[in-house]
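For reference, the structure discussed in these notes is given below.
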Amino acid sequence: MSKILVIPGDGIGTEVTEVTLSVLKSVGEKNQIEFTLERALLGGCSIDAHGVPVTEETMEKAKQSDAVLLGAVGGPRWEDIEHHLKPERGLLELRKQLDAFANLRPAVVYPALADASTLKREVVEGVDIMVVRELTGGIYFGHPRGKEQTNGGEARAFNTLVYSTSEIERVAKMAFEIARKRRNKVTSIDKSNVLESMVLWRDTVTELHDRHFSDVTLEHLYVDNAAMQLIRRPADFDVMLAGNMFGDIISDEAAQLTGSLGMLPSASVGNEGAIYEPVHGSAPDIAGQGIANPIASILSMAMMLRYSFDMDGAATQVEEAVRKVLDNGYRTSDIYEEGRTKVGTEEMGSLILGEL
Ligand code: NAD
């Protein structure tokens, strides 16, 4: 039995998650799989109920689940509270406790939405990229770090870009395994022409490839060149693997190719479990209006089927259903253009269910 912890969170998080659960139920019935669902609070709603953004109990439930399906957290109501009690702290703590070392961010340009990109249709058509970003190491966490006064009275601040072989190997292994389920190509991004830590990155990725994944095509790009090629010939990329900081930047650049926040799913995968969530936040400006786009959440659930439950076929069914609904001209307001049919959150969910 597959155990899922559902954390709708705040704002539109609750609205899109409900719709996603109805799609998940249908997938379960269709494939004769029983999902056991439990629910928990995290973020602003947890602060209201328990005074903290995440409780020990929620954390325990998450660790005992096969996967966590999350909506979004935060909102203006909780903006002025102390930093360590903010809704987002709950999410960061959850990622930390699950030791989520890899962030998976797909960027897919649907033919029906290709004109929503800021790049020309002929450049973005066919884009289907998976960015695999290392999430718990690199310069965001390296020591020493800090700020000090020099003898001359000037301020000096520093951070450390450090990676160990094992940190690189585990995320690279994930990238190669994902590539095998896709178009079998990994582009590893580094800056090994300048940084020692990135020489280790390139050597480790190459060695792992030659030892265990020689069936996968591997190419290396310096990050500056990768940033250029990504807007020049994005359809050539399959899996892009990068460390924490470079992955942070490249994944947002890839996301922008698709042109729509409401369409972007993500996963944070670790040793103790995995969290599947849309890239967008709780969208307080439209919360409660029933107009949020549920597709990012539904596609996050499809990622959960593929990566936590090895249900590749079911994941593809969901992705195809989304594609068909878009091809048929249905749009939520965030992706609406003239001549299409505007629908709300629940109606979009029902249409996708219909296609399933
Ligand atoms: P946001 O992603 O919530 O919204 C940005 C804009 O995109 C808004 O105009 C919103 O209406 C629109 N939008 C987002 N998702 C949409 C969807 N599914 N359908 C239609 N339109 C959508 O970012 P923000 O406004 O910067 O942040 C709002 C709150 O969410 C803040 O409290 C922030 O801290 C939090 N946040 C949470 C997460 C998370 O839970 N992972 C991520 C980002 C922001």
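Residue names in the structure tokens use chain letters A, B, ... in the order shown, residue numbers from 1 in each chain, and ligand numbers from 1 in the order shown.
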Please produce, as CSV, a per-residue contact table for segment 243-355 of chain A versus segment 138-154 of chain A (criterion: any atom at most 8 Å away, only C-alpha atoms considered), showing the nearest atom pair and its distance in Å to one decimal, sorted by chain then residue number.
```
residue,atom,partner,partner_atom,distance
A:Gly243,CA,A:Gly138,CA,6.6
A:Asn244,CA,A:Gly138,CA,5.7
A:Met245,CA,A:Ile139,CA,6.8
```
If the limit is 10 Å from any atom of ligand 1, counting only C-alpha atoms and all ligand atoms, which residues qualify? Return them as number ranges by chain. A: 8-13, 15-16, 42-44, 70-79, 86-92, 260-264, 266, 277-287, 290-297, 332-335, 344-345
For atom CA of Ala321 of chain A and atom CA of Val343 of chain A, quote the distance in Å rounded to one decimal. 15.9 Å
Env of segment 220-232 of chain A: 8 Å cut, atoms = only C-alpha atoms, seq-sep filter 5 positions within chain, self excluded. Answer as a PyMOL selection string. chain A and resi 119+123+187-193+202+237+246+250+253-254+257
Between atom CA of Leu200 of chain A and atom CA of Thr160 of chain A lies a distance of 14.8 Å
Please determine, counting only C-alpha atoms, which residue among A:Val109, A:Leu218, A:Leu161, A:Met198 has the shortest atom-to-atom distance to Lys185 of chain A. A:Leu218
Nearest to Asp327 of chain A among A:Arg105, A:Arg340, A:Arg183, A:Lys63, with distances taken over only C-alpha atoms: which residue is it?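 Of all the options, A:Arg340 lies closest to Asp327 of chain A.
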Expected answer as a PyMOL selection string: alpha helix (DSSP H) residues in segment 3-134 of chain A: chain A and resi 12-30+44-50+56-63+87-97+121-124
Straight-line distance linking atom CA of Leu241 of chain A with atom CA of Leu208 of chain A, stated in Å to one decimal: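 Interatomic distance here is 13.4 Å.
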When you count only C-alpha atoms, which of these residues is closest to Ser350 of chain A: A:Val19, A:Ile275, A:Ala114, A:Met1? A:Val19
Tell me which of A:Ile129, A:Val162, A:Met240, A:Leu356 sits closest to Ala175 of chain A, counting only C-alpha atoms.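 When distances to Ala175 of chain A are compared using only C-alpha atoms, the smallest one comes from A:Met240.
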Counting only C-alpha atoms, closest pick from A:Gly247, A:Gly51, A:Gly28, A:Gly349 relative to Leu135 of chain A is A:Gly247
Identify, on the basis of only C-alpha atoms, every residue whose closest approach to Leu351 of chain A does not exceed 9 Å; exclude the query and any residue fewer than 4 positions from it along the same chain; express the result as a ChimeraX atom specification. /A:321-322,325,330,346-347,355-356
